[in-house]
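The structure file structure.tsv is reproduced below (TSV, C-alpha atoms).
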```tsv
chain	number	residue	atom	x	y	z
A	29	MET	CA	0.00	0.00	0.00
A	30	ASN	CA	2.85	2.38	0.90
A	31	GLN	CA	4.59	1.60	-2.37
A	32	ASN	CA	1.38	2.42	-4.28
A	33	HIS	CA	1.08	5.69	-2.38
A	34	GLN	CA	4.65	6.59	-3.21
A	35	ARG	CA	4.22	5.64	-6.86
A	36	ASP	CA	1.04	7.71	-7.15
A	37	ASP	CA	2.76	10.64	-5.46
A	38	GLU	CA	5.73	10.47	-7.84
A	39	GLU	CA	3.42	10.18	-10.85
A	40	LEU	CA	1.48	13.24	-9.70
A	41	GLN	CA	4.69	15.24	-9.29
A	42	ARG	CA	5.76	14.27	-12.80
A	43	ARG	CA	2.39	15.39	-14.22
A	44	LEU	CA	2.57	18.67	-12.35
A	45	GLU	CA	6.09	19.43	-13.60
A	46	SER	CA	4.93	19.34	-17.21
A	47	LEU	CA	1.63	21.19	-16.67
A	48	PRO	CA	1.35	24.28	-18.91
A	49	TYR	CA	-0.38	27.47	-17.87
A	50	ARG	CA	-3.69	28.54	-19.35
A	51	GLN	CA	-2.94	31.20	-21.95
A	52	THR	CA	-5.21	34.25	-22.09
A	53	ARG	CA	-5.47	37.05	-24.62
A	54	THR	CA	-5.06	39.64	-21.87
A	55	ASP	CA	-2.27	42.11	-22.53
A	56	LEU	CA	-1.52	44.21	-19.48
A	57	TRP	CA	1.21	46.33	-21.07
A	58	PRO	CA	-0.94	49.26	-22.36
A	59	ALA	CA	-2.46	49.82	-18.90
A	60	VAL	CA	0.88	49.33	-17.10
A	61	GLU	CA	2.65	51.62	-19.58
A	62	GLU	CA	0.16	54.42	-18.93
A	63	ARG	CA	0.56	54.09	-15.14
A	64	ILE	CA	4.36	54.07	-15.19
A	65	GLN	CA	4.40	57.00	-17.61
A	66	HIS	CA	2.46	59.08	-15.06
A	67	PHE	CA	4.90	57.96	-12.41
A	68	GLU	CA	7.87	58.96	-14.59
A	69	ASP	CA	6.28	62.35	-15.36
A	70	GLY	CA	5.84	62.98	-11.64
A	71	ARG	CA	9.42	61.98	-10.92
A	72	SER	CA	10.68	64.13	-13.78
A	73	ILE	CA	8.79	67.17	-12.48
A	74	ALA	CA	10.29	66.70	-9.00
A	75	ARG	CA	13.78	66.40	-10.50
A	76	ARG	CA	13.32	69.59	-12.50
A	77	LEU	CA	11.98	71.63	-9.57
A	78	LEU	CA	14.52	70.45	-7.00
A	79	PRO	CA	17.33	72.86	-8.03
A	80	ILE	CA	14.88	75.77	-8.02
A	81	ALA	CA	13.59	74.87	-4.56
A	82	ALA	CA	17.16	74.55	-3.30
A	83	MET	CA	18.00	77.98	-4.72
A	84	VAL	CA	14.97	79.64	-3.12
A	85	LEU	CA	15.76	78.05	0.27
A	86	ALA	CA	19.41	79.12	0.03
A	87	TRP	CA	18.34	82.69	-0.83
A	88	ARG	CA	15.96	82.77	2.13
A	89	ALA	CA	18.66	81.45	4.46
A	90	LEU	CA	21.03	84.15	3.17
A	91	GLN	CA	18.41	86.85	3.78
A	92	LEU	CA	17.97	85.68	7.37
A	93	MET	CA	21.69	85.39	8.11
A	94	VAL	CA	23.12	88.56	6.54
A	95	GLU	CA	22.01	92.04	5.60
A	96	VAL	CA	21.81	91.66	1.80
A	97	PRO	CA	23.10	95.02	0.45
A	98	LEU	CA	20.95	95.30	-2.69
A	99	PRO	CA	17.31	95.57	-1.51
A	100	PHE	CA	15.86	95.39	-5.04
A	101	LEU	CA	17.04	91.77	-5.17
A	102	HIS	CA	14.51	90.74	-2.53
A	103	PRO	CA	11.47	90.53	-4.83
A	104	ILE	CA	13.47	89.76	-7.98
A	105	VAL	CA	15.03	86.48	-6.83
A	106	PRO	CA	11.69	84.78	-5.96
A	107	LEU	CA	10.15	86.11	-9.19
A	108	ALA	CA	13.05	84.77	-11.22
A	109	ALA	CA	12.68	81.39	-9.47
A	110	ALA	CA	8.96	81.31	-10.29
A	111	PHE	CA	9.65	82.17	-13.96
A	112	TRP	CA	12.35	79.50	-14.13
A	113	ALA	CA	9.97	76.92	-12.63
A	114	VAL	CA	7.30	77.74	-15.20
A	115	ARG	CA	9.84	77.41	-17.99
A	116	LYS	CA	10.97	74.02	-16.69
A	117	LEU	CA	7.41	72.74	-16.53
A	118	ALA	CA	5.70	74.34	-19.51
A	119	GLY	CA	8.44	75.51	-21.86
A	120	ASN	CA	9.33	79.11	-22.67
A	121	PRO	CA	6.16	81.23	-22.25
A	122	LEU	CA	7.75	84.11	-24.24
A	123	ALA	CA	8.76	82.00	-27.26
A	124	ILE	CA	7.29	82.96	-30.60
A	125	GLU	CA	4.94	80.26	-31.81
A	126	THR	CA	6.85	78.03	-34.23
A	127	SER	CA	4.45	75.14	-34.67
A	128	ALA	CA	3.91	73.65	-38.12
A	129	PRO	CA	0.60	75.50	-38.81
A	130	GLU	CA	2.21	78.82	-37.79
A	131	LEU	CA	5.19	78.20	-40.05
A	132	GLN	CA	2.86	77.26	-42.89
A	133	LYS	CA	0.95	80.54	-42.46
A	134	ARG	CA	4.21	82.40	-42.81
A	135	GLY	CA	4.99	80.51	-46.02
A	136	ILE	CA	7.87	78.49	-44.55
E	8	MET	CA	16.85	41.74	-24.41
E	9	ASP	CA	17.31	39.75	-21.21
E	10	ASP	CA	16.11	40.70	-17.72
E	11	ALA	CA	19.41	42.30	-16.70
E	12	GLY	CA	19.49	44.39	-19.87
E	13	ALA	CA	15.90	45.52	-19.36
E	14	ILE	CA	16.67	46.56	-15.77
E	15	ARG	CA	19.69	48.57	-16.91
E	16	ALA	CA	17.60	50.28	-19.59
E	17	CYS	CA	14.84	51.15	-17.10
E	18	ARG	CA	17.37	52.56	-14.64
E	19	ARG	CA	18.86	54.69	-17.40
E	20	GLY	CA	15.46	56.35	-17.80
E	21	ASN	CA	13.83	54.20	-20.49
E	22	PRO	CA	10.48	53.07	-18.99
E	23	ASP	CA	9.47	51.35	-22.25
E	24	ALA	CA	12.07	48.69	-21.49
E	25	PHE	CA	9.85	47.54	-18.63
E	26	GLY	CA	7.55	46.11	-21.32
E	27	HIS	CA	10.03	43.23	-21.51
E	28	PHE	CA	8.98	42.04	-18.03
E	29	VAL	CA	5.26	42.41	-18.68
E	30	ASP	CA	5.58	40.54	-21.96
E	31	ARG	CA	7.68	37.78	-20.46
E	32	TYR	CA	5.88	37.20	-17.14
E	33	GLN	CA	2.28	38.32	-17.45
E	34	GLN	CA	0.78	34.93	-18.37
E	35	ARG	CA	2.53	33.27	-15.45
E	36	ALA	CA	1.61	36.08	-13.09
E	37	LEU	CA	-2.03	36.02	-14.20
E	38	ALA	CA	-2.19	32.25	-13.60
E	39	HIS	CA	-0.78	32.70	-10.09
E	40	ALA	CA	-3.04	35.64	-9.31
E	41	ARG	CA	-6.05	33.63	-10.47
E	42	LEU	CA	-5.14	30.91	-7.97
E	43	LEU	CA	-5.06	33.45	-5.15
E	44	THR	CA	-8.05	35.61	-6.09
E	45	ARG	CA	-10.24	32.97	-7.84
E	46	ASN	CA	-11.54	35.67	-10.15
E	47	ASP	CA	-10.22	36.73	-13.60
E	48	ALA	CA	-10.96	40.45	-13.15
E	49	ASP	CA	-9.35	40.62	-9.71
E	50	ALA	CA	-6.38	38.65	-10.98
E	51	ALA	CA	-5.85	41.11	-13.85
E	52	ASP	CA	-6.15	44.12	-11.50
E	53	ALA	CA	-3.77	42.66	-8.93
E	54	THR	CA	-1.24	41.67	-11.62
E	55	GLN	CA	-1.33	45.13	-13.19
E	56	GLU	CA	-0.81	46.77	-9.78
E	57	ALA	CA	2.05	44.39	-9.01
E	58	PHE	CA	3.84	45.30	-12.24
E	59	VAL	CA	3.50	49.00	-11.39
E	60	ASP	CA	4.85	48.28	-7.88
E	61	ALA	CA	7.78	46.42	-9.45
E	62	PHE	CA	8.58	49.37	-11.72
E	63	ARG	CA	8.47	51.83	-8.83
E	64	ASN	CA	10.81	49.65	-6.75
E	65	LEU	CA	13.15	48.59	-9.55
E	66	ARG	CA	15.97	50.75	-8.22
E	67	ALA	CA	15.94	48.78	-4.98
E	68	PHE	CA	15.97	45.40	-6.80
E	69	ASP	CA	19.21	43.43	-6.60
E	70	SER	CA	19.73	42.55	-10.27
E	71	SER	CA	21.97	39.60	-9.38
E	72	ARG	CA	18.77	37.83	-8.24
E	73	GLU	CA	16.06	36.38	-10.45
E	74	PHE	CA	13.25	38.79	-11.23
E	75	TYR	CA	10.17	36.58	-10.87
E	76	PRO	CA	10.59	35.36	-7.25
E	77	TRP	CA	11.02	38.99	-6.17
E	78	PHE	CA	8.05	40.07	-8.28
E	79	TYR	CA	5.93	37.22	-6.93
E	80	VAL	CA	6.07	38.64	-3.41
E	81	LEU	CA	4.67	41.95	-4.75
E	82	LEU	CA	1.99	40.06	-6.69
E	83	ARG	CA	0.98	38.03	-3.66
E	84	ASN	CA	0.65	41.16	-1.52
E	85	ARG	CA	-1.53	42.80	-4.17
E	86	CYS	CA	-3.79	39.73	-4.38
E	87	PHE	CA	-4.29	39.69	-0.61
E	88	LYS	CA	-4.92	43.46	-0.52
E	89	GLN	CA	-7.49	43.00	-3.28
E	90	GLN	CA	-9.23	40.28	-1.30
E	91	SER	CA	-9.27	42.22	1.97
E	92	ARG	CA	-10.51	45.38	0.19
E	93	ARG	CA	-13.40	43.43	-1.27
E	94	GLY	CA	-13.97	41.61	1.99
E	95	THR	CA	-13.97	38.34	0.10
E	96	ARG	CA	-12.35	35.07	0.99
E	97	TRP	CA	-12.29	31.70	-0.65
E	98	GLU	CA	-15.19	29.58	0.48
E	99	GLY	CA	-14.62	26.49	-1.54
E	100	GLY	CA	-15.88	27.67	-4.91
E	101	VAL	CA	-14.42	26.04	-7.97
E	102	ASP	CA	-13.09	28.21	-10.78
E	103	VAL	CA	-13.10	25.72	-13.62
E	104	PRO	CA	-10.84	26.52	-16.56
E	105	GLU	CA	-12.98	26.30	-19.67
E	106	ALA	CA	-12.73	23.35	-22.04
E	107	GLY	CA	-11.00	24.19	-25.31
E	108	ALA	CA	-8.60	26.61	-23.61
E	109	PRO	CA	-5.65	26.99	-25.98
E	110	GLY	CA	-2.62	24.82	-25.22
E	111	LEU	CA	-4.40	22.63	-22.67
E	112	SER	CA	-5.29	18.99	-23.22
E	113	GLU	CA	-8.17	17.37	-21.35
E	114	GLU	CA	-5.68	15.82	-18.92
E	115	HIS	CA	-4.16	19.25	-18.27
E	116	LEU	CA	-7.62	20.72	-17.71
E	117	ASP	CA	-8.48	17.96	-15.21
E	118	LEU	CA	-5.32	18.70	-13.28
E	119	TRP	CA	-6.00	22.47	-13.26
E	120	ARG	CA	-9.58	21.90	-12.16
E	121	ALA	CA	-8.35	19.72	-9.31
E	122	ILE	CA	-5.78	22.37	-8.28
E	123	HIS	CA	-8.51	25.02	-8.26
E	124	GLN	CA	-10.50	22.93	-5.81
E	125	LEU	CA	-7.73	23.34	-3.26
E	126	PRO	CA	-7.68	26.30	-0.86
E	127	PRO	CA	-5.66	29.20	-2.37
E	128	ASP	CA	-2.65	28.78	-0.07
E	129	GLU	CA	-2.34	25.07	-0.90
E	130	ALA	CA	-2.87	25.62	-4.62
E	131	GLU	CA	-0.15	28.28	-4.49
E	132	LEU	CA	2.26	25.85	-2.83
E	133	ILE	CA	1.69	23.14	-5.44
E	134	VAL	CA	2.13	25.53	-8.35
E	135	LEU	CA	5.25	27.24	-7.02
E	136	LYS	CA	6.99	23.99	-6.08
E	137	HIS	CA	6.05	21.63	-8.88
E	138	ILE	CA	5.29	23.89	-11.85
E	139	GLU	CA	7.64	26.79	-11.13
E	140	GLY	CA	10.36	24.58	-9.64
E	141	TRP	CA	11.06	26.71	-6.58
E	142	THR	CA	13.25	25.18	-3.90
E	143	TYR	CA	12.02	24.63	-0.37
E	144	GLU	CA	14.22	27.52	0.76
E	145	GLU	CA	12.70	29.90	-1.80
E	146	LEU	CA	9.19	28.84	-0.78
E	147	SER	CA	10.01	29.23	2.90
E	148	ALA	CA	11.35	32.77	2.28
E	149	ALA	CA	8.54	33.93	-0.03
E	150	LEU	CA	5.71	32.51	2.06
E	151	ASP	CA	7.36	33.24	5.42
E	152	VAL	CA	6.88	29.68	6.63
E	153	PRO	CA	9.54	27.31	8.05
E	154	ARG	CA	11.08	24.86	5.60
E	155	GLY	CA	9.78	21.82	7.48
E	156	THR	CA	6.24	23.19	7.41
E	157	VAL	CA	6.52	23.75	3.66
E	158	MET	CA	7.57	20.14	3.13
E	159	SER	CA	4.81	18.63	5.25
E	160	ARG	CA	2.14	20.93	3.77
E	161	LEU	CA	3.25	20.01	0.28
E	162	TYR	CA	2.98	16.32	1.01
E	163	SER	CA	-0.51	16.58	2.52
E	164	THR	CA	-1.63	18.86	-0.33
E	165	ARG	CA	-0.48	16.33	-2.92
E	166	GLN	CA	-2.43	13.62	-1.06
E	167	ARG	CA	-5.50	15.84	-1.18
E	168	LEU	CA	-4.95	16.48	-4.89
E	169	LEU	CA	-4.70	12.73	-5.54
E	170	ALA	CA	-8.00	12.21	-3.71
E	171	ILE	CA	-9.67	14.91	-5.86
E	172	LEU	CA	-8.30	13.41	-9.06
E	173	SER	CA	-9.54	9.94	-8.15
E	174	GLY	CA	-13.03	11.35	-7.65
E	175	GLY	CA	-12.89	11.71	-3.89
E	176	ARG	CA	-13.79	14.79	-1.85
E	177	PRO	CA	-11.19	17.54	-1.42
```

Before we go any further, please render this structure as structure tokens.
Amino acid sequence: MNQNHQRDDEELQRRLESLPYRQTRTDLWPAVEERIQHFEDGRSIARRLLPIAAMVLAWRALQLMVEVPLPFLHPIVPLAAAFWAVRKLAGNPLAIETSAPELQKRGI
Amino acid sequence: MDDAGAIRACRRGNPDAFGHFVDRYQQRALAHARLLTRNDADAADATQEAFVDAFRNLRAFDSSREFYPWFYVLLRNRCFKQQSRRGTRWEGGVDVPEAGAPGLSEEHLDLWRAIHQLPPDEAELIVLKHIEGWTYEELSAALDVPRGTVMSRLYSTRQRLLAILSGGRP
């Protein structure tokens, strides 16, 4: 009886080792690709804004520690940082439109 | 491209290279998730989430190791989270793979049907050990269960599977 048990057990293991998976037509890549693209965009935004944030913090620390001699710099530095951040995120807001339709209108 | 090459490409900022892992492992992952969730839709959701988790944590992955055992832990967690979110648990229902499924003979279908009659944790053990070829040590680490317990559970699960296949009760 024990030998039969062992034989059956070994036969079952052999059958399991060659058992293929059920194939489905599901393709998860389009959905996964969209999710990881959002994740990459978020990471890219953080990477682009980090130097600006560091600069603003350093400027603020400098203002607190020393008497900065040029008072007109006080509003200009944060404004410049804000402009730089917008440029990093949305491109140059002052650029002349050079898209294909615009170029076509100008005969180029 | 092999797994190591795909990991290098992803780390260099090419997220499209991650498609290699989805393409290579999704069928296997879906089969495993189906065992744990007992539902095709939940299995697809959990597998998708697990791939996204894997991408997010790729930097922390030790590329000298094999990808799938590491990924499987993420997949398993997602399946259990899915189940606890829905408040569902396996109550003995049988998810029978349909006849005529591509690549499966009638004998294969019988075996899969029998496996699906097992509780999810036992079905998981059978599939990982005998179909995936994991060692006892890998099973013990992934399932957080002592090696001896893995061995004895596997033996009793195979006995139960034999009883199901011979027409007995699970």

Subject >> Nearest residue to chain A from the set E:Val29, E:Leu81, E:Cys86, E:Ala53 (distances using all atoms listed in the file) >> reply: E:Val29

Within 12 Å of chain E, which residues of chain A come that close, and what is the closest atom pair and distance in Å for each? Count only C-alpha atoms and give it as a tab-separated table.
```
residue	atom	partner	partner_atom	distance
A:His33	CA	E:Gln166	CA	8.8
A:Gln34	CA	E:Gln166	CA	10.2
A:Arg35	CA	E:Leu169	CA	11.5
A:Asp36	CA	E:Leu169	CA	7.8
A:Asp37	CA	E:Arg165	CA	7.0
A:Glu38	CA	E:Arg165	CA	9.9
A:Glu39	CA	E:Leu169	CA	10.0
A:Leu40	CA	E:Leu169	CA	7.5
A:Gln41	CA	E:His137	CA	6.5
A:Arg42	CA	E:His137	CA	8.3
A:Arg43	CA	E:Leu118	CA	8.4
A:Leu44	CA	E:His137	CA	5.7
A:Glu45	CA	E:Ile138	CA	4.9
A:Ser46	CA	E:Ile138	CA	7.0
A:Leu47	CA	E:His115	CA	6.3
A:Pro48	CA	E:Leu111	CA	7.1
A:Tyr49	CA	E:Ala38	CA	6.7
A:Arg50	CA	E:Ala108	CA	6.8
A:Gln51	CA	E:Gln34	CA	6.4
A:Thr52	CA	E:Gln34	CA	7.1
A:Arg53	CA	E:Gln34	CA	9.1
A:Thr54	CA	E:Ala51	CA	8.2
A:Asp55	CA	E:Gln33	CA	7.8
A:Leu56	CA	E:Gln55	CA	6.4
A:Trp57	CA	E:Val29	CA	6.1
A:Pro58	CA	E:Gly26	CA	9.1
A:Ala59	CA	E:Gln55	CA	7.5
A:Val60	CA	E:Gln55	CA	6.1
A:Glu61	CA	E:Asp23	CA	7.3
A:Glu62	CA	E:Val59	CA	9.9
A:Arg63	CA	E:Val59	CA	7.0
A:Ile64	CA	E:Val59	CA	6.4
A:Gln65	CA	E:Pro22	CA	7.4
A:His66	CA	E:Pro22	CA	10.8
A:Phe67	CA	E:Arg63	CA	7.9
A:Glu68	CA	E:Pro22	CA	7.8
A:Asp69	CA	E:Pro22	CA	10.8
A:Gly70	CA	E:Arg63	CA	11.8
A:Arg71	CA	E:Arg63	CA	10.4
A:Ser72	CA	E:Gly20	CA	10.0
```

Original post:
Taking only C-alpha atoms into account, which of E:Val157, E:Leu65, E:Cys17, E:Ala170 comes nearest Gln124 in chain E?
Top reply: E:Ala170

Subject >> Residue nearest Pro103 in chain A - candidates A:Gln31, A:Lys116, A:Ala89, A:Val84, atoms counted: all atoms listed in the file >> reply: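 Closest residue, counting all atoms listed in the file: A:Val84.
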
Original post:
Rounded to one decimal in Å, what is the spacing between CA of Arg154 in chain E and CA of Ala40 in chain E?
Top reply: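 CA of Arg154 in chain E sits 23.2 Å away from CA of Ala40 in chain E.
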
Original post:
Quick one, how far is CA of Thr156 in chain E from CA of Leu135 in chain E?
Top reply: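 CA of Thr156 in chain E sits 15.0 Å away from CA of Leu135 in chain E.
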
Original post:
Expressed in Å to a single decimal, how great is the separation between CA of Asp9 in chain E and CA of Tyr79 in chain E?
Top reply: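 Separation of CA of Asp9 in chain E and CA of Tyr79 in chain E: 18.4 Å.
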
**OP:** Would you please work out which residue, of E:Leu161, E:Ile171, E:Leu146, E:Ala121, is nearest to Val80 in chain E when using all atoms listed in the file?
**Re:**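 Checking each candidate against Val80 in chain E, we get E:Leu146 as the closest.
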
**OP:** Tell me, as a ChimeraX atom specification, which residues lie within 10 Å of Ala11 in chain E, counting all atoms listed in the file; anything in the same chain fewer than 6 positions away does not count.
**Re:** /E:17,70-74
